[in-house]
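Trainee: First, the structure itself, so that you have it in front of you.
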Amino acid sequence: MLGSIALSSAAIFVAELGDKSQLMAMTFATRYRWWQVLLGITVATTLVHAISVALGFGLGELMPTEWIALVAGVAFLFFAAWTLRGDRLTEEEKQRAHRGFTSAVMVVTLAFFLAELGDKTMLATVTLATHHDWLGTWIGSTVGMVLADALAIGVGLLLGRHLPEKAVRYGATALFVLFGGWLIIDSALALLA
């Protein structure tokens with residue numbers, strides 16, 4: 001099992017470098033607290049990689065990843081519109097935001113869950129699970145992904161301190177449109193093939 005953990009961690013860490021999820025992590029780190037982003041990523045990654053491991057054990061025919069990617073692309077366009085509109089908080093909402101973290105964690109979890117379904121790291125985890133211990137693959141792939149995205153959160157924190165809020169909002173909107181469009185086109189081409 002330790003070999004599966006090590007192999008999966010390393011493989012998924014490398015696969016995640018430069019991936020859209022890292023860009024999302026950087027973007028979210030400019031809007032939310034770093035630990036909220038990391039918690040949301042961890043929850044989403046744990047769930048997606050559990051699905052990946054299950055798929056690797058023979059359930060691949062039951063889940064059409066192209067349709068899931070298409071829905072994720074549309075959701076990203078929704079996130080883009082939401083980000084561009086901007087959020088205006090009342091004083092009461094600002095006080096609640098400092099006390100609680102549920103909405104930020106839920107937004108990050110949902111965005112990452114949708115982004116990772118059908119993504120290369122999910123497919124890599126499916127492939128690893130067909131040849132290695134399922135528990136080790138699940139733990140290792142989750143750890144590798146969280147570590148890669150934690151690195152991106154650190155970069156996002158540094159950028160967020162030096163960029164104006166408007167630039168961050170427009171940049172995040174552009175990234176969501178880019179990822180959403182890419183997911184829609186990629187899944188549509190796969191469905192038409």
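We label chains A, B, ... in the order they appear in the structure tokens, count residues from 1 in each chain, and number ligands from 1 in the order shown.
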Distance table requested - range 27-58 of chain A against range 123-128 of chain A, cut-off 12 Å, only C-alpha atoms: one row per qualifying residue with the closest atom pair and its distance in Å to one decimal, ordered by chain and rising residue number, as CSV.
Mentor:
residue,atom,partner,partner_atom,distance
A:Thr45,CA,A:Thr125,CA,11.1
A:Thr46,CA,A:Thr125,CA,11.7
A:Val48,CA,A:Thr125,CA,9.5
A:His49,CA,A:Thr125,CA,6.8
A:Ala50,CA,A:Thr125,CA,9.3
A:Ile51,CA,A:Val126,CA,8.5
A:Ser52,CA,A:Val126,CA,4.8
A:Val53,CA,A:Val126,CA,5.5
A:Ala54,CA,A:Val126,CA,7.8
A:Leu55,CA,A:Val126,CA,6.0
A:Gly56,CA,A:Val126,CA,4.3
A:Phe57,CA,A:Val126,CA,8.0
A:Gly58,CA,A:Val126,CA,9.5
Trainee: Just write the chosen residues, N, CA, C and O atoms, as a compact mmCIF listing (two decimals), in the first residue's frame.
Mentor:
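Output file out-v9.txt is given in full below:
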# COMPACT_ATOMS: atom_id res chain seq x y z
N THR A 45 -11.36 17.02 -3.80
CA THR A 45 -10.39 16.05 -4.29
C THR A 45 -10.63 14.68 -3.68
O THR A 45 -10.56 13.67 -4.39
N THR A 46 -10.95 14.64 -2.41
CA THR A 46 -11.24 13.36 -1.76
C THR A 46 -12.42 12.67 -2.43
O THR A 46 -12.37 11.47 -2.71
N VAL A 48 -13.72 13.30 -5.59
CA VAL A 48 -13.45 12.98 -6.99
C VAL A 48 -12.53 11.78 -7.11
O VAL A 48 -12.73 10.90 -7.95
N HIS A 49 -11.53 11.71 -6.25
CA HIS A 49 -10.59 10.60 -6.35
C HIS A 49 -11.19 9.30 -5.82
O HIS A 49 -10.79 8.22 -6.26
N ALA A 50 -12.17 9.40 -4.95
CA ALA A 50 -12.91 8.19 -4.55
C ALA A 50 -13.69 7.66 -5.75
O ALA A 50 -13.71 6.44 -6.01
N ILE A 51 -14.31 8.56 -6.50
CA ILE A 51 -15.02 8.17 -7.72
C ILE A 51 -14.04 7.58 -8.73
O ILE A 51 -14.31 6.55 -9.36
N SER A 52 -12.88 8.21 -8.85
CA SER A 52 -11.86 7.75 -9.80
C SER A 52 -11.41 6.33 -9.48
O SER A 52 -11.27 5.49 -10.38
N VAL A 53 -11.17 6.07 -8.21
CA VAL A 53 -10.73 4.74 -7.80
C VAL A 53 -11.84 3.72 -8.08
O VAL A 53 -11.57 2.62 -8.58
N ALA A 54 -13.08 4.09 -7.82
CA ALA A 54 -14.20 3.19 -8.11
C ALA A 54 -14.29 2.91 -9.61
O ALA A 54 -14.50 1.77 -10.03
N LEU A 55 -14.09 3.95 -10.42
CA LEU A 55 -14.09 3.77 -11.87
C LEU A 55 -12.97 2.85 -12.31
O LEU A 55 -13.15 2.03 -13.21
N GLY A 56 -11.83 3.01 -11.67
CA GLY A 56 -10.69 2.17 -11.99
C GLY A 56 -10.94 0.70 -11.70
O GLY A 56 -10.31 -0.17 -12.27
N PHE A 57 -11.86 0.43 -10.82
CA PHE A 57 -12.19 -0.94 -10.48
C PHE A 57 -13.37 -1.47 -11.29
O PHE A 57 -14.09 -2.35 -10.86
N GLY A 58 -13.63 -0.89 -12.46
CA GLY A 58 -14.58 -1.50 -13.36
C GLY A 58 -15.89 -0.78 -13.59
O GLY A 58 -16.75 -1.28 -14.30
Trainee: Show which residues sit within 10 Å of Leu23 in chain A, as a compact mmCIF listing (two decimals) with C-alpha atoms, in the first residue's frame. Count only C-alpha atoms, and ignore same-chain residues fewer than 3 positions away.
Mentor:
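Below is the file result15.txt, written as the result:
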# COMPACT_ATOMS: atom_id res chain seq x y z
CA LEU A 17 1.40 21.22 -12.23
CA GLY A 18 0.19 23.91 -14.61
CA ASP A 19 -3.33 22.48 -14.64
CA LYS A 20 -6.44 24.67 -14.57
CA MET A 26 -4.59 30.87 -7.09
CA THR A 27 -7.74 32.78 -8.04
CA PHE A 28 -9.72 31.57 -5.04
CA ALA A 29 -6.80 32.39 -2.74
CA ASP A 149 -2.88 23.11 -5.24
CA ALA A 152 -0.80 27.42 -6.11
CA ILE A 153 -2.61 28.92 -3.10
CA VAL A 155 1.31 31.95 -5.24
CA GLY A 156 -2.27 33.31 -5.22
CA ALA A 172 -10.91 35.44 -12.34
CA LEU A 175 -10.13 32.29 -16.26
CA PHE A 176 -13.62 30.91 -15.60
CA PHE A 179 -11.93 26.99 -18.51
Trainee: What is the distance between CA of Phe76 in chain A and CA of Lys166 in chain A, in Å to one decimal?
Mentor: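 Between CA of Phe76 in chain A and CA of Lys166 in chain A the gap works out to 19.4 Å.
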Trainee: Name the residues of range 6-193 of chain A that come out as alpha helix (DSSP H) in a backbone DSSP run; write them as JSON, numbers by chain.
Mentor: {"A": [6, 7, 8, 9, 10, 11, 12, 13, 14, 15, 16, 20, 21, 22, 23, 24, 25, 26, 27, 28, 29, 30, 31, 34, 35, 36, 37, 38, 39, 40, 41, 42, 43, 44, 45, 46, 47, 48, 49, 50, 51, 52, 53, 54, 65, 66, 67, 68, 69, 70, 71, 72, 73, 74, 75, 76, 77, 78, 79, 80, 81, 82, 83, 84, 85, 91, 92, 93, 94, 95, 96, 97, 98, 99, 102, 103, 104, 105, 106, 107, 108, 109, 110, 111, 112, 113, 114, 115, 116, 120, 121, 122, 123, 124, 125, 126, 127, 128, 129, 130, 131, 134, 135, 136, 137, 138, 139, 140, 141, 142, 143, 144, 145, 146, 147, 148, 149, 150, 151, 152, 153, 154, 155, 156, 157, 158, 159, 160, 165, 166, 167, 168, 169, 170, 171, 172, 173, 174, 175, 176, 177, 178, 179, 180, 181, 182, 183, 184, 185, 186, 187, 188, 189, 190, 191, 192]}
Trainee: Keeping C-alpha atoms for every residue in the selection just given, could you write it to a file as a compact mmCIF listing (two decimals), in the first residue's frame?
Mentor:
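Saved result, selection-v1.txt, follows:
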# COMPACT_ATOMS: atom_id res chain seq x y z
CA ALA A 6 4.03 7.16 -3.06
CA LEU A 7 3.48 6.44 -6.76
CA SER A 8 0.03 8.05 -6.84
CA SER A 9 1.17 11.12 -4.89
CA ALA A 10 4.09 11.75 -7.22
CA ALA A 11 2.15 11.05 -10.42
CA ILE A 12 -0.80 13.27 -9.53
CA PHE A 13 1.41 16.08 -8.17
CA VAL A 14 3.26 16.21 -11.50
CA ALA A 15 0.04 15.89 -13.53
CA GLU A 16 -1.49 18.79 -11.59
CA LYS A 20 -6.44 24.67 -14.57
CA SER A 21 -7.04 23.60 -10.98
CA GLN A 22 -3.87 25.34 -9.88
CA LEU A 23 -5.02 28.52 -11.60
CA MET A 24 -8.38 28.18 -9.85
CA ALA A 25 -6.62 27.70 -6.51
CA MET A 26 -4.59 30.87 -7.09
CA THR A 27 -7.74 32.78 -8.04
CA PHE A 28 -9.72 31.57 -5.04
CA ALA A 29 -6.80 32.39 -2.74
CA THR A 30 -7.14 36.05 -3.74
CA ARG A 31 -10.82 36.05 -2.68
CA TRP A 34 -6.17 30.26 2.30
CA TRP A 35 -7.40 27.57 4.70
CA GLN A 36 -10.96 27.82 3.32
CA VAL A 37 -9.62 27.26 -0.19
CA LEU A 38 -7.42 24.37 0.94
CA LEU A 39 -10.32 22.77 2.84
CA GLY A 40 -12.63 23.07 -0.18
CA ILE A 41 -9.95 21.58 -2.46
CA THR A 42 -9.35 18.73 -0.02
CA VAL A 43 -13.06 17.86 0.22
CA ALA A 44 -13.57 17.99 -3.56
CA THR A 45 -10.39 16.05 -4.29
CA THR A 46 -11.24 13.36 -1.76
CA LEU A 47 -14.65 12.86 -3.38
CA VAL A 48 -13.45 12.98 -6.99
CA HIS A 49 -10.59 10.60 -6.35
CA ALA A 50 -12.91 8.19 -4.55
CA ILE A 51 -15.02 8.17 -7.72
CA SER A 52 -11.86 7.75 -9.80
CA VAL A 53 -10.73 4.74 -7.80
CA ALA A 54 -14.20 3.19 -8.11
CA THR A 65 -17.21 11.78 -18.45
CA GLU A 66 -17.84 13.79 -21.64
CA TRP A 67 -21.33 14.80 -20.45
CA ILE A 68 -20.03 15.59 -16.97
CA ALA A 69 -17.32 17.82 -18.49
CA LEU A 70 -19.98 19.59 -20.59
CA VAL A 71 -22.07 20.35 -17.48
CA ALA A 72 -18.91 21.51 -15.68
CA GLY A 73 -18.13 23.88 -18.56
CA VAL A 74 -21.57 25.46 -18.36
CA ALA A 75 -21.18 25.78 -14.57
CA PHE A 76 -17.86 27.57 -15.11
CA LEU A 77 -19.56 30.10 -17.38
CA PHE A 78 -22.07 30.66 -14.57
CA PHE A 79 -19.16 31.17 -12.13
CA ALA A 80 -17.67 33.69 -14.61
CA ALA A 81 -20.88 35.73 -14.72
CA TRP A 82 -21.16 35.61 -10.93
CA THR A 83 -17.54 36.72 -10.52
CA LEU A 84 -17.90 39.57 -13.03
CA ARG A 85 -21.05 40.82 -11.34
CA GLU A 91 -22.17 45.12 7.10
CA GLU A 92 -24.12 42.25 8.67
CA GLU A 93 -22.92 39.87 5.92
CA LYS A 94 -19.34 41.03 6.40
CA GLN A 95 -19.55 40.22 10.10
CA ARG A 96 -21.04 36.79 9.35
CA ALA A 97 -18.31 36.10 6.77
CA HIS A 98 -15.66 36.68 9.41
CA ARG A 99 -17.44 34.35 11.84
CA THR A 102 -19.33 27.63 5.01
CA SER A 103 -20.14 29.55 1.82
CA ALA A 104 -16.49 30.00 0.75
CA VAL A 105 -15.71 26.33 1.36
CA MET A 106 -18.86 25.26 -0.51
CA VAL A 107 -18.04 27.46 -3.53
CA VAL A 108 -14.48 26.14 -3.72
CA THR A 109 -15.60 22.53 -3.18
CA LEU A 110 -18.26 22.72 -5.90
CA ALA A 111 -15.96 24.46 -8.39
CA PHE A 112 -13.14 21.96 -7.86
CA PHE A 113 -15.47 18.97 -7.87
CA LEU A 114 -16.91 20.00 -11.23
CA ALA A 115 -13.51 20.96 -12.65
CA GLU A 116 -11.91 17.66 -11.73
CA LYS A 120 -6.54 14.46 -16.60
CA THR A 121 -5.85 13.92 -12.89
CA MET A 122 -9.12 12.00 -12.56
CA LEU A 123 -8.23 9.88 -15.57
CA ALA A 124 -4.71 9.35 -14.23
CA THR A 125 -6.18 8.19 -10.92
CA VAL A 126 -8.54 5.81 -12.73
CA THR A 127 -5.56 4.37 -14.58
CA LEU A 128 -3.47 4.01 -11.41
CA ALA A 129 -6.38 2.32 -9.61
CA THR A 130 -6.59 -0.38 -12.29
CA HIS A 131 -3.07 -1.55 -11.45
CA TRP A 134 -7.25 1.08 -4.29
CA LEU A 135 -6.76 2.63 -0.84
CA GLY A 136 -3.16 3.62 -1.51
CA THR A 137 -4.14 5.09 -4.87
CA TRP A 138 -6.97 7.08 -3.29
CA ILE A 139 -4.83 8.44 -0.46
CA GLY A 140 -1.83 9.12 -2.68
CA SER A 141 -3.72 10.82 -5.48
CA THR A 142 -5.57 13.03 -3.00
CA VAL A 143 -2.34 14.02 -1.21
CA GLY A 144 -0.55 14.75 -4.50
CA MET A 145 -3.35 16.97 -5.75
CA VAL A 146 -3.77 18.87 -2.47
CA LEU A 147 -0.01 19.51 -2.28
CA ALA A 148 0.10 20.84 -5.86
CA ASP A 149 -2.88 23.11 -5.24
CA ALA A 150 -1.47 24.26 -1.89
CA LEU A 151 1.56 25.48 -3.83
CA ALA A 152 -0.80 27.42 -6.11
CA ILE A 153 -2.61 28.92 -3.10
CA GLY A 154 0.70 30.30 -1.87
CA VAL A 155 1.31 31.95 -5.24
CA GLY A 156 -2.27 33.31 -5.22
CA LEU A 157 -1.73 34.86 -1.81
CA LEU A 158 1.37 36.66 -3.02
CA LEU A 159 -0.40 37.95 -6.16
CA GLY A 160 -3.52 38.99 -4.23
CA GLU A 165 -9.48 44.04 -6.54
CA LYS A 166 -10.85 44.95 -9.98
CA ALA A 167 -7.91 43.26 -11.73
CA VAL A 168 -8.42 40.13 -9.64
CA ARG A 169 -12.16 40.08 -10.44
CA TYR A 170 -11.61 40.53 -14.19
CA GLY A 171 -8.79 38.00 -14.20
CA ALA A 172 -10.91 35.44 -12.34
CA THR A 173 -13.80 36.03 -14.75
CA ALA A 174 -11.50 35.51 -17.74
CA LEU A 175 -10.13 32.29 -16.26
CA PHE A 176 -13.62 30.91 -15.60
CA VAL A 177 -14.70 31.77 -19.17
CA LEU A 178 -11.52 30.19 -20.55
CA PHE A 179 -11.93 26.99 -18.51
CA GLY A 180 -15.66 26.79 -19.18
CA GLY A 181 -15.20 27.28 -22.90
CA TRP A 182 -12.37 24.77 -23.00
CA LEU A 183 -14.43 22.14 -21.14
CA ILE A 184 -17.46 22.70 -23.40
CA ILE A 185 -15.43 22.49 -26.63
CA ASP A 186 -13.36 19.52 -25.45
CA SER A 187 -16.39 17.53 -24.31
CA ALA A 188 -18.41 18.44 -27.43
CA LEU A 189 -15.57 17.24 -29.67
CA ALA A 190 -15.34 13.99 -27.68
CA LEU A 191 -19.11 13.46 -27.95
CA LEU A 192 -19.06 14.08 -31.71
